[in-house]
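Trainee: I'm passing along final_22.cif; it holds mmCIF, C-alpha atoms and all ligand atoms.
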```cif
data_my_file
#
loop_
_atom_site.group_PDB
_atom_site.id
_atom_site.type_symbol
_atom_site.label_atom_id
_atom_site.label_comp_id
_atom_site.auth_asym_id
_atom_site.auth_seq_id
_atom_site.Cartn_x
_atom_site.Cartn_y
_atom_site.Cartn_z
ATOM 1 C CA MET K 11 -8.843 1.040 23.057
ATOM 2 C CA GLY K 12 -12.351 2.338 22.578
ATOM 3 C CA HIS K 13 -12.615 1.433 18.931
ATOM 4 C CA VAL K 14 -11.857 -2.237 19.594
ATOM 5 C CA ALA K 15 -14.902 -2.648 21.832
ATOM 6 C CA GLU K 16 -16.933 -0.595 19.373
ATOM 7 C CA HIS K 17 -15.839 -2.825 16.516
ATOM 8 C CA ALA K 18 -16.920 -5.987 18.363
ATOM 9 C CA THR K 19 -20.366 -4.545 19.048
ATOM 10 C CA LYS K 20 -20.786 -3.476 15.444
ATOM 11 C CA THR K 21 -19.763 -6.865 14.072
ATOM 12 C CA THR K 22 -22.540 -8.571 15.991
ATOM 13 C CA ARG K 23 -25.090 -5.914 15.175
ATOM 14 C CA SER K 24 -24.556 -5.622 11.444
ATOM 15 C CA GLY K 25 -23.224 -9.132 10.847
ATOM 16 C CA ARG K 26 -20.202 -8.102 8.853
ATOM 17 C CA GLY K 27 -19.214 -10.789 6.446
ATOM 18 C CA THR K 28 -15.879 -11.554 4.902
ATOM 19 C CA GLY K 29 -16.834 -10.185 1.459
ATOM 20 C CA PRO K 30 -15.500 -6.970 -0.022
ATOM 21 C CA ALA K 31 -16.292 -3.673 1.703
ATOM 22 C CA LEU K 32 -17.189 -2.252 -1.706
ATOM 23 C CA GLU K 33 -18.271 -4.057 -4.841
ATOM 24 C CA ILE K 34 -19.372 -2.042 -7.854
ATOM 25 C CA ARG K 35 -20.713 -3.964 -10.842
ATOM 26 C CA ASP K 36 -21.494 -2.706 -14.308
ATOM 27 C CA VAL K 37 -22.306 0.787 -13.096
ATOM 28 C CA VAL K 38 -23.420 3.430 -15.570
ATOM 29 C CA LEU K 39 -23.944 7.028 -14.491
ATOM 30 C CA GLU K 40 -25.404 9.548 -16.908
ATOM 31 C CA TYR K 41 -25.992 13.197 -16.146
ATOM 32 C CA PRO K 42 -28.449 15.368 -18.085
ATOM 33 C CA ASP K 43 -26.519 17.700 -20.378
ATOM 34 C CA GLY K 44 -28.919 20.139 -22.000
ATOM 35 C CA THR K 45 -30.543 19.415 -25.350
ATOM 36 C CA THR K 46 -29.398 18.686 -28.887
ATOM 37 C CA ALA K 47 -29.964 21.117 -31.783
ATOM 38 C CA GLU K 48 -33.161 19.162 -32.484
ATOM 39 C CA GLY K 49 -34.344 19.770 -28.911
ATOM 40 C CA LYS K 50 -33.779 16.214 -27.675
ATOM 41 C CA PRO K 51 -32.397 15.706 -24.148
ATOM 42 C CA ARG K 52 -28.682 14.992 -24.137
ATOM 43 C CA THR K 53 -26.674 13.106 -21.532
ATOM 44 C CA VAL K 54 -23.047 12.872 -20.554
ATOM 45 C CA THR K 55 -21.808 9.459 -19.456
ATOM 46 C CA ALA K 56 -19.687 9.983 -16.345
ATOM 47 C CA LEU K 57 -19.343 6.251 -15.569
ATOM 48 C CA ASP K 58 -19.417 3.706 -18.367
ATOM 49 C CA SER K 59 -19.886 0.046 -17.267
ATOM 50 C CA VAL K 60 -17.561 0.320 -14.294
ATOM 51 C CA ASP K 61 -16.566 -2.691 -12.179
ATOM 52 C CA PHE K 62 -14.618 -1.989 -9.019
ATOM 53 C CA ARG K 63 -13.908 -3.774 -5.779
ATOM 54 C CA ALA K 64 -12.169 -2.746 -2.564
ATOM 55 C CA ASP K 65 -11.305 -5.115 0.277
ATOM 56 C CA ARG K 66 -10.883 -4.388 3.945
ATOM 57 C CA GLY K 67 -7.349 -3.585 5.011
ATOM 58 C CA THR K 68 -6.356 -2.327 1.564
ATOM 59 C CA MET K 69 -5.849 1.163 0.173
ATOM 60 C CA THR K 70 -6.634 1.909 -3.462
ATOM 61 C CA ALA K 71 -5.698 5.115 -5.260
ATOM 62 C CA LEU K 72 -8.096 6.361 -7.916
ATOM 63 C CA VAL K 73 -6.312 8.453 -10.517
ATOM 64 C CA GLY K 74 -7.154 9.934 -13.907
ATOM 65 C CA GLU K 75 -7.440 13.182 -15.791
ATOM 66 C CA SER K 76 -9.832 15.926 -14.808
ATOM 67 C CA GLY K 77 -13.342 14.994 -15.895
ATOM 68 C CA SER K 78 -12.540 11.269 -16.221
ATOM 69 C CA GLY K 79 -15.135 10.317 -13.584
ATOM 70 C CA LYS K 80 -13.220 9.939 -10.293
ATOM 71 C CA SER K 81 -15.545 12.090 -8.186
ATOM 72 C CA SER K 82 -18.544 10.412 -9.811
ATOM 73 C CA LEU K 83 -17.231 6.983 -8.811
ATOM 74 C CA LEU K 84 -16.603 8.149 -5.256
ATOM 75 C CA ALA K 85 -20.105 9.655 -5.044
ATOM 76 C CA VAL K 86 -21.655 6.400 -6.245
ATOM 77 C CA ALA K 87 -19.470 4.346 -3.865
ATOM 78 C CA GLY K 88 -20.528 6.629 -1.016
ATOM 79 C CA ALA K 89 -24.253 6.082 -1.735
ATOM 80 C CA LEU K 90 -24.555 9.823 -2.372
ATOM 81 C CA VAL K 91 -25.470 9.540 -6.037
ATOM 82 C CA GLU K 92 -27.756 6.861 -7.470
ATOM 83 C CA PRO K 93 -26.301 5.392 -10.690
ATOM 84 C CA THR K 94 -28.415 5.088 -13.835
ATOM 85 C CA SER K 95 -27.890 1.316 -13.723
ATOM 86 C CA GLY K 96 -25.708 -1.328 -12.093
ATOM 87 C CA SER K 97 -25.049 -2.561 -8.584
ATOM 88 C CA VAL K 98 -23.195 -0.982 -5.657
ATOM 89 C CA ARG K 99 -22.749 -3.244 -2.649
ATOM 90 C CA ILE K 100 -21.350 -1.696 0.502
ATOM 91 C CA ASN K 101 -20.218 -4.314 2.996
ATOM 92 C CA GLY K 102 -22.680 -6.722 1.405
ATOM 93 C CA ASN K 103 -25.609 -4.272 1.335
ATOM 94 C CA GLU K 104 -27.044 -3.211 -2.019
ATOM 95 C CA ALA K 105 -27.219 0.587 -2.191
ATOM 96 C CA VAL K 106 -28.914 0.953 -5.579
ATOM 97 C CA GLY K 107 -32.708 1.152 -5.666
ATOM 98 C CA GLN K 108 -33.032 1.741 -1.929
ATOM 99 C CA SER K 109 -34.917 4.492 -0.145
ATOM 100 C CA GLU K 110 -33.035 7.631 0.847
ATOM 101 C CA LYS K 111 -33.452 6.525 4.472
ATOM 102 C CA THR K 112 -31.724 3.200 3.811
ATOM 103 C CA ARG K 113 -28.934 4.905 1.922
ATOM 104 C CA ALA K 114 -28.499 7.422 4.747
ATOM 105 C CA GLY K 115 -28.233 4.467 7.143
ATOM 106 C CA LEU K 116 -25.537 2.894 4.967
ATOM 107 C CA ARG K 117 -23.623 6.157 4.890
ATOM 108 C CA ARG K 118 -23.838 6.503 8.654
ATOM 109 C CA GLU K 119 -22.980 2.910 9.546
ATOM 110 C CA GLN K 120 -20.625 1.765 6.815
ATOM 111 C CA ILE K 121 -18.898 4.770 5.276
ATOM 112 C CA GLY K 122 -16.422 7.397 6.457
ATOM 113 C CA VAL K 123 -15.582 10.325 4.199
ATOM 114 C CA VAL K 124 -12.465 12.515 4.186
ATOM 115 C CA PHE K 125 -13.074 15.647 2.165
ATOM 116 C CA GLN K 126 -10.607 17.657 0.137
ATOM 117 C CA GLN K 127 -10.882 20.620 2.482
ATOM 118 C CA PRO K 128 -11.568 19.540 6.029
ATOM 119 C CA ASN K 129 -14.999 21.104 6.501
ATOM 120 C CA LEU K 130 -14.783 21.440 10.258
ATOM 121 C CA ILE K 131 -17.244 23.479 12.270
ATOM 122 C CA PRO K 132 -15.370 26.675 13.313
ATOM 123 C CA SER K 133 -16.892 26.967 16.793
ATOM 124 C CA LEU K 134 -16.169 23.382 17.873
ATOM 125 C CA THR K 135 -12.987 21.915 19.355
ATOM 126 C CA ALA K 136 -11.219 19.023 17.652
ATOM 127 C CA ARG K 137 -12.781 16.601 20.164
ATOM 128 C CA GLU K 138 -16.266 18.035 19.620
ATOM 129 C CA GLN K 139 -15.935 17.656 15.821
ATOM 130 C CA LEU K 140 -15.711 13.899 16.402
ATOM 131 C CA LEU K 141 -18.798 13.825 18.603
ATOM 132 C CA VAL K 142 -21.236 15.816 16.442
ATOM 133 C CA ALA K 143 -23.022 12.691 15.174
ATOM 134 C CA GLU K 144 -23.360 11.360 18.723
ATOM 135 C CA HIS K 145 -24.891 14.645 19.893
ATOM 136 C CA VAL K 146 -27.285 14.661 16.941
ATOM 137 C CA ARG K 147 -28.321 11.120 17.846
ATOM 138 C CA GLY K 148 -29.013 12.367 21.358
ATOM 139 C CA LEU K 149 -26.443 10.239 23.195
ATOM 140 C CA ARG K 150 -26.090 11.190 26.851
ATOM 141 C CA GLY K 151 -24.464 9.981 30.037
ATOM 142 C CA ALA K 152 -22.314 6.851 30.046
ATOM 143 C CA ARG K 153 -22.741 6.176 26.291
ATOM 144 C CA LEU K 154 -21.569 9.687 25.448
ATOM 145 C CA LYS K 155 -18.644 9.383 27.868
ATOM 146 C CA GLU K 156 -17.637 6.144 26.184
ATOM 147 C CA LYS K 157 -17.748 7.868 22.794
ATOM 148 C CA ALA K 158 -15.742 10.802 24.151
ATOM 149 C CA ARG K 159 -13.063 8.342 25.274
ATOM 150 C CA ALA K 160 -13.100 6.735 21.815
ATOM 151 C CA ALA K 161 -12.724 10.225 20.289
ATOM 152 C CA ASP K 162 -9.718 10.955 22.486
ATOM 153 C CA ALA K 163 -8.119 7.611 21.573
ATOM 154 C CA LEU K 164 -8.636 8.386 17.882
ATOM 155 C CA LEU K 165 -7.207 11.897 18.204
ATOM 156 C CA GLU K 166 -4.160 10.398 19.906
ATOM 157 C CA ARG K 167 -3.848 7.760 17.176
ATOM 158 C CA VAL K 168 -3.796 10.344 14.385
ATOM 159 C CA GLY K 169 -1.078 12.321 16.162
ATOM 160 C CA LEU K 170 -3.220 14.977 17.824
ATOM 161 C CA GLU K 171 -2.626 14.155 21.463
ATOM 162 C CA GLY K 172 -3.033 17.284 23.567
ATOM 163 C CA VAL K 173 -4.762 19.417 20.925
ATOM 164 C CA GLY K 174 -8.289 18.053 21.426
ATOM 165 C CA ASP K 175 -9.420 21.340 22.967
ATOM 166 C CA ARG K 176 -8.279 23.512 20.063
ATOM 167 C CA ARG K 177 -10.636 24.963 17.495
ATOM 168 C CA PRO K 178 -9.958 24.669 13.727
ATOM 169 C CA HIS K 179 -8.321 28.128 13.435
ATOM 170 C CA GLN K 180 -5.781 27.047 16.076
ATOM 171 C CA LEU K 181 -4.725 24.005 14.018
ATOM 172 C CA SER K 182 -2.411 23.693 11.002
ATOM 173 C CA GLY K 183 -3.727 22.415 7.653
ATOM 174 C CA GLY K 184 -2.188 19.000 8.302
ATOM 175 C CA GLN K 185 -3.686 18.851 11.793
ATOM 176 C CA ARG K 186 -7.103 19.781 10.448
ATOM 177 C CA GLN K 187 -6.886 16.971 7.931
ATOM 178 C CA ARG K 188 -5.954 14.590 10.785
ATOM 179 C CA VAL K 189 -9.101 15.669 12.653
ATOM 180 C CA ASN K 190 -11.006 14.941 9.443
ATOM 181 C CA ILE K 191 -9.544 11.420 9.270
ATOM 182 C CA ALA K 192 -10.275 10.734 12.948
ATOM 183 C CA ARG K 193 -13.847 11.959 12.469
ATOM 184 C CA ALA K 194 -14.326 9.676 9.460
ATOM 185 C CA LEU K 195 -13.215 6.698 11.577
ATOM 186 C CA MET K 196 -15.505 7.495 14.522
ATOM 187 C CA GLY K 197 -18.439 5.535 13.110
ATOM 188 C CA ASP K 198 -16.234 2.435 12.678
ATOM 189 C CA PRO K 199 -16.835 2.271 8.912
ATOM 190 C CA ALA K 200 -16.134 -0.611 6.535
ATOM 191 C CA LEU K 201 -15.297 1.834 3.757
ATOM 192 C CA LEU K 202 -13.225 5.024 3.940
ATOM 193 C CA LEU K 203 -13.539 7.388 0.968
ATOM 194 C CA ALA K 204 -11.037 10.214 0.583
ATOM 195 C CA ASP K 205 -11.463 12.850 -2.123
ATOM 196 C CA GLU K 206 -8.084 14.458 -2.813
ATOM 197 C CA PRO K 207 -7.262 14.623 0.898
ATOM 198 C CA THR K 208 -3.855 16.208 0.297
ATOM 199 C CA SER K 209 -4.673 18.870 -2.280
ATOM 200 C CA ALA K 210 -4.440 21.716 0.264
ATOM 201 C CA LEU K 211 -1.115 20.525 1.729
ATOM 202 C CA ASP K 212 2.555 20.823 0.836
ATOM 203 C CA HIS K 213 4.490 17.755 -0.266
ATOM 204 C CA GLU K 214 5.838 16.694 3.123
ATOM 205 C CA ARG K 215 2.451 17.109 4.819
ATOM 206 C CA SER K 216 0.779 15.244 1.935
ATOM 207 C CA ARG K 217 3.149 12.321 2.385
ATOM 208 C CA GLU K 218 2.374 12.206 6.125
ATOM 209 C CA ILE K 219 -1.377 12.159 5.482
ATOM 210 C CA VAL K 220 -1.119 9.370 2.888
ATOM 211 C CA ASP K 221 1.094 7.363 5.294
ATOM 212 C CA LEU K 222 -1.443 7.903 8.072
ATOM 213 C CA LEU K 223 -4.289 6.786 5.811
ATOM 214 C CA ARG K 224 -2.358 3.657 4.914
ATOM 215 C CA GLU K 225 -1.698 2.866 8.589
ATOM 216 C CA VAL K 226 -5.305 3.331 9.719
ATOM 217 C CA THR K 227 -6.479 1.262 6.731
ATOM 218 C CA ARG K 228 -4.639 -1.707 8.274
ATOM 219 C CA GLU K 229 -5.315 -0.986 11.924
ATOM 220 C CA PHE K 230 -9.034 -0.327 11.543
ATOM 221 C CA ASP K 231 -9.439 -2.906 8.786
ATOM 222 C CA VAL K 232 -11.215 -0.496 6.446
ATOM 223 C CA ALA K 233 -11.188 -0.428 2.659
ATOM 224 C CA THR K 234 -9.775 2.978 1.745
ATOM 225 C CA VAL K 235 -10.325 4.524 -1.678
ATOM 226 C CA MET K 236 -8.445 7.773 -2.264
ATOM 227 C CA VAL K 237 -8.821 10.045 -5.254
ATOM 228 C CA THR K 238 -5.557 11.819 -5.942
ATOM 229 C CA HIS K 239 -3.744 13.813 -8.590
ATOM 230 C CA GLU K 240 -0.402 13.337 -6.899
ATOM 231 C CA THR K 241 1.066 10.298 -8.591
ATOM 232 C CA ASP K 242 4.337 10.581 -6.651
ATOM 233 C CA LEU K 243 2.433 9.550 -3.504
ATOM 234 C CA LEU K 244 1.293 6.240 -4.936
ATOM 235 C CA ASP K 245 4.232 4.049 -3.902
ATOM 236 C CA SER K 246 2.620 3.233 -0.559
ATOM 237 C CA VAL K 247 -0.852 2.213 -1.779
ATOM 238 C CA ASP K 248 -1.913 -1.385 -2.439
ATOM 239 C CA ALA K 249 -3.531 -0.783 -5.821
ATOM 240 C CA THR K 250 -4.043 1.980 -8.350
ATOM 241 C CA ALA K 251 -7.141 2.239 -10.539
ATOM 242 C CA THR K 252 -7.052 4.630 -13.480
ATOM 243 C CA MET K 253 -10.155 6.289 -14.888
ATOM 244 C CA ARG K 254 -10.313 7.330 -18.507
ATOM 245 C CA ASP K 255 -13.462 8.771 -20.078
ATOM 246 C CA GLY K 256 -15.689 7.137 -17.473
ATOM 247 C CA ARG K 257 -14.034 3.732 -17.762
ATOM 248 C CA LEU K 258 -11.694 1.991 -15.349
ATOM 249 C CA SER K 259 -8.443 0.301 -16.291
HETATM 250 N N1 LIG K 301 -23.663 17.259 -11.731
HETATM 251 C C1 LIG K 301 -23.238 17.062 -12.981
HETATM 252 N N2 LIG K 301 -24.016 17.363 -14.049
HETATM 253 C C2 LIG K 301 -23.606 17.143 -15.306
HETATM 254 N N3 LIG K 301 -22.398 16.613 -15.622
HETATM 255 C C3 LIG K 301 -21.569 16.318 -14.610
HETATM 256 C C4 LIG K 301 -21.943 16.520 -13.241
HETATM 257 N N4 LIG K 301 -20.900 16.115 -12.457
HETATM 258 C C5 LIG K 301 -19.945 15.681 -13.304
HETATM 259 N N5 LIG K 301 -20.323 15.786 -14.591
HETATM 260 C C6 LIG K 301 -19.564 15.369 -15.784
HETATM 261 O O1 LIG K 301 -19.232 13.994 -15.619
HETATM 262 C C7 LIG K 301 -17.901 13.735 -16.072
HETATM 263 C C8 LIG K 301 -17.070 13.156 -14.920
HETATM 264 O O2 LIG K 301 -16.877 14.160 -13.906
HETATM 265 P P1 LIG K 301 -16.154 13.909 -12.517
HETATM 266 O O3 LIG K 301 -16.360 15.113 -11.681
HETATM 267 O O4 LIG K 301 -16.593 12.594 -11.975
HETATM 268 O O5 LIG K 301 -14.617 13.793 -12.978
HETATM 269 P P2 LIG K 301 -13.264 13.848 -12.107
HETATM 270 O O6 LIG K 301 -12.371 12.815 -12.692
HETATM 271 O O7 LIG K 301 -13.598 13.726 -10.685
HETATM 272 O O8 LIG K 301 -12.700 15.289 -12.411
HETATM 273 P P3 LIG K 301 -11.763 16.266 -11.504
HETATM 274 O O9 LIG K 301 -10.437 15.574 -11.392
HETATM 275 O O10 LIG K 301 -11.710 17.511 -12.322
HETATM 276 O O11 LIG K 301 -12.462 16.436 -10.186
HETATM 277 C C9 LIG K 301 -17.387 15.048 -16.612
HETATM 278 O O12 LIG K 301 -17.616 15.048 -17.997
HETATM 279 C C10 LIG K 301 -18.227 16.086 -15.914
HETATM 280 O O13 LIG K 301 -18.337 17.242 -16.697
#
```
Please go through the file and, once you have read it, give me the structure as structure tokens.

Mentor:
Amino acid sequence: MGHVAEHATKTTRSGRGTGPALEIRDVVLEYPDGTTAEGKPRTVTALDSVDFRADRGTMTALVGESGSGKSSLLAVAGALVEPTSGSVRINGNEAVGQSEKTRAGLRREQIGVVFQQPNLIPSLTAREQLLVAEHVRGLRGARLKEKARAADALLERVGLEGVGDRRPHQLSGGQRQRVNIARALMGDPALLLADEPTSALDHERSREIVDLLREVTREFDVATVMVTHETDLLDSVDATATMRDGRLS
């Protein structure tokens, strides 16, 4: 399969070690929150001395009440938001204190993201959604063909054989989320972050998506971290981390 060859290339290029795909240490994240009555700047602490680790081949569910800090932790893990202090290592690479360019490189090479609502481009087919990054990078000819084959293999793996030519409006909600998962795996990431990937789906479809995420976690040897509100879907994950007021337990 295409992704196997791709994986071998990547291993040599980025020298993947055996350490955790994600290691968060003593992370604090404060957001500005207006001013006090005396006119002093106020902050809200979204993450309060958080330690967290995710290993390849494992799936962790991140749960907790609304406002407890789940999205903040995912944003920090995804090198999208710079914490106030602490360390975030993604596949051995420190993300904190780096230039935006370095962090963008980490996002591109190490991280796949599955959004709550699959934000697919309406005019593109399922196959084309997976190849957007390759087009942006200017891949042509044999390299692009190789990627297109990898995209087809991924679409088949997530249960979308034969629908690669359909556009988002011709797909069901569950199928769209499968395209989203396949797209997140295209870059052969070490870390797969999923932010409430089942919130737009009914129970049966949600179960299928969580099962699929668990399977690809093993097959592609990624560390998957999934934020969810649906605690009845947690029986198939490897670990559950609970956030409470910005702290993990
Ligand atoms: N951009 C921001 N500016 C200021 N405060 C923010 C910002 N984003 C989040 N917060 C605050 O940080 C805290 C954690 O929010 P976060 O969105 O991480 O929680 P959550 O657990 O993901 O919630 P939900 O389940 O509702 O999505 C909350 O108190 C929230 O109000």

Trainee: Enumerate as a ChimeraX atom specification the residues within 7 Å of ligand LIG 301 (chain K), counting all atoms listed in the file.

Mentor: /K:41-43,54-56,74-83,256

Trainee: Would you export the selected residues with C-alpha atoms as an mmCIF file, in the coordinates of the input, please?

Mentor:
```cif
data_model
loop_
_atom_site.group_PDB
_atom_site.id
_atom_site.type_symbol
_atom_site.label_atom_id
_atom_site.label_comp_id
_atom_site.auth_asym_id
_atom_site.auth_seq_id
_atom_site.Cartn_x
_atom_site.Cartn_y
_atom_site.Cartn_z
ATOM 1 C CA TYR K 41 -25.992 13.197 -16.146
ATOM 2 C CA PRO K 42 -28.449 15.368 -18.085
ATOM 3 C CA ASP K 43 -26.519 17.700 -20.378
ATOM 4 C CA VAL K 54 -23.047 12.872 -20.554
ATOM 5 C CA THR K 55 -21.808 9.459 -19.456
ATOM 6 C CA ALA K 56 -19.687 9.983 -16.345
ATOM 7 C CA GLY K 74 -7.154 9.934 -13.907
ATOM 8 C CA GLU K 75 -7.440 13.182 -15.791
ATOM 9 C CA SER K 76 -9.832 15.926 -14.808
ATOM 10 C CA GLY K 77 -13.342 14.994 -15.895
ATOM 11 C CA SER K 78 -12.540 11.269 -16.221
ATOM 12 C CA GLY K 79 -15.135 10.317 -13.584
ATOM 13 C CA LYS K 80 -13.220 9.939 -10.293
ATOM 14 C CA SER K 81 -15.545 12.090 -8.186
ATOM 15 C CA SER K 82 -18.544 10.412 -9.811
ATOM 16 C CA LEU K 83 -17.231 6.983 -8.811
ATOM 17 C CA GLY K 256 -15.689 7.137 -17.473
#
```

Trainee: Which is closest to K:Asp231 among K:Gln108, K:Thr68, K:Thr94, K:Gln187, if we use only C-alpha atoms?

Mentor: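 Smallest distance to K:Asp231 is found for K:Thr68.
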
Trainee: Which residues fall under the PyMOL selection byres (((chain K and resi 33-35) around 10) and not hetatm) in this file, as a PyMOL selection string?

Mentor: chain K and resi 29-32+36-38+59-65+83+86-87+95-104

Trainee: How many Å separate atom CA of K:Val237 from atom CA of K:Pro207?

Mentor: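 For atom CA of K:Val237 relative to atom CA of K:Pro207, the distance reads 7.8 Å.
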
Trainee: Expand the PyMOL selection byres (((chain K and resi 164-176) around 6) and not hetatm) into the individual residues it matches in the shown file, reporting them as a PyMOL selection string.

Mentor: chain K and resi 135-137+161-163+177+180+188+192

Trainee: Would you write out, as a Markdown table, a table of all residues in stretch 178-225 of chain K that have an atom no more than 12 Å from an atom of stretch 238-247 of chain K, listing for each the closest atom pair and the distance in Å to one decimal, considering only C-alpha atoms and ordering rows by chain and rising residue number?

Mentor:
```
| residue | atom | partner | partner_atom | distance |
| --- | --- | --- | --- | --- |
| K:Leu203 | CA | K:Thr238 | CA | 11.4 |
| K:Ala204 | CA | K:Thr238 | CA | 8.7 |
| K:Asp205 | CA | K:Thr238 | CA | 7.1 |
| K:Glu206 | CA | K:Thr238 | CA | 4.8 |
| K:Pro207 | CA | K:Thr238 | CA | 7.6 |
| K:Thr208 | CA | K:Thr238 | CA | 7.8 |
| K:Ser209 | CA | K:Thr238 | CA | 8.0 |
| K:Ala210 | CA | K:Thr238 | CA | 11.7 |
| K:Leu211 | CA | K:Glu240 | CA | 11.3 |
| K:Asp212 | CA | K:Glu240 | CA | 11.2 |
| K:His213 | CA | K:Leu243 | CA | 9.1 |
| K:Glu214 | CA | K:Leu243 | CA | 10.3 |
| K:Arg215 | CA | K:Leu243 | CA | 11.2 |
| K:Ser216 | CA | K:Leu243 | CA | 8.0 |
| K:Arg217 | CA | K:Leu243 | CA | 6.5 |
| K:Glu218 | CA | K:Leu243 | CA | 10.0 |
| K:Ile219 | CA | K:Leu243 | CA | 10.1 |
| K:Val220 | CA | K:Leu243 | CA | 7.3 |
| K:Asp221 | CA | K:Ser246 | CA | 7.3 |
| K:Leu222 | CA | K:Ser246 | CA | 10.6 |
| K:Leu223 | CA | K:Val247 | CA | 9.5 |
| K:Arg224 | CA | K:Val247 | CA | 7.0 |
| K:Glu225 | CA | K:Ser246 | CA | 10.1 |
```

Trainee: So that I can see what lies close to K:Thr70, please list as a list in words the residues with an atom at most 6 Å from it, counting all atoms listed in the file and leaving out residues fewer than 6 positions away in the same chain.

Mentor: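 Close residues of K:Thr70: Val235, Asp248, Ala249 and Thr250 of chain K.
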
Trainee: Find the residues around K:Lys155 up to 12 Å (all atoms listed in the file counted), leave out those fewer than 4 positions away in its own chain, and share them as a VMD selection string.

Mentor: chain K and resid 12 141 144 to 145 149 to 151 159 to 162

Trainee: Out of K:Pro178, K:Pro51, K:Leu201, K:Val189, which residue has the shortest atom-to-atom distance to K:Ser133 when counting all atoms listed in the file?

Mentor: K:Pro178

Trainee: For atom CA of K:Leu72 and atom CA of K:Leu258, quote the distance in Å rounded to one decimal.

Mentor: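 Separation of atom CA of K:Leu72 and atom CA of K:Leu258: 9.3 Å.
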
Trainee: Just the number, please: distance in Å from atom CA of K:Gly197 to atom CA of K:Met69, one decimal.

Mentor: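 Value for the atom CA of K:Gly197-atom CA of K:Met69 distance: 18.6 Å.
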
Trainee: When the PyMOL selection byres (((chain K and resi 109-121) around 7) and not hetatm) is applied to the file above, which residues end up in the set, as a VMD selection string?

Mentor: chain K and resid 88 to 89 105 107 to 108 122 to 123 197 199 to 202

Trainee: Write out the residues from the selection above, keeping C-alpha atoms, as a PDB file, in the frame of the given file.

Mentor:
```pdb
ATOM      1  CA  GLY K  88     -20.528   6.629  -1.016  1.00  0.00           C
ATOM      2  CA  ALA K  89     -24.253   6.082  -1.735  1.00  0.00           C
ATOM      3  CA  ALA K 105     -27.219   0.587  -2.191  1.00  0.00           C
ATOM      4  CA  GLY K 107     -32.708   1.152  -5.666  1.00  0.00           C
ATOM      5  CA  GLN K 108     -33.032   1.741  -1.929  1.00  0.00           C
ATOM      6  CA  GLY K 122     -16.422   7.397   6.457  1.00  0.00           C
ATOM      7  CA  VAL K 123     -15.582  10.325   4.199  1.00  0.00           C
ATOM      8  CA  GLY K 197     -18.439   5.535  13.110  1.00  0.00           C
ATOM      9  CA  PRO K 199     -16.835   2.271   8.912  1.00  0.00           C
ATOM     10  CA  ALA K 200     -16.134  -0.611   6.535  1.00  0.00           C
ATOM     11  CA  LEU K 201     -15.297   1.834   3.757  1.00  0.00           C
ATOM     12  CA  LEU K 202     -13.225   5.024   3.940  1.00  0.00           C
TER      13      LEU K 202
END
```

Trainee: Draw an axis-aligned box tight on the listed atoms of stretch 92-102 of chain K, then pad every side by 8 Å and write out centre and edge lengths in Å to one decimal as AutoDock Vina command-line options.

Mentor:
```
--center_x -24.3 --center_y 0.1 --center_z -5.4 --size_x 24.2 --size_y 29.6 --size_z 32.8
```
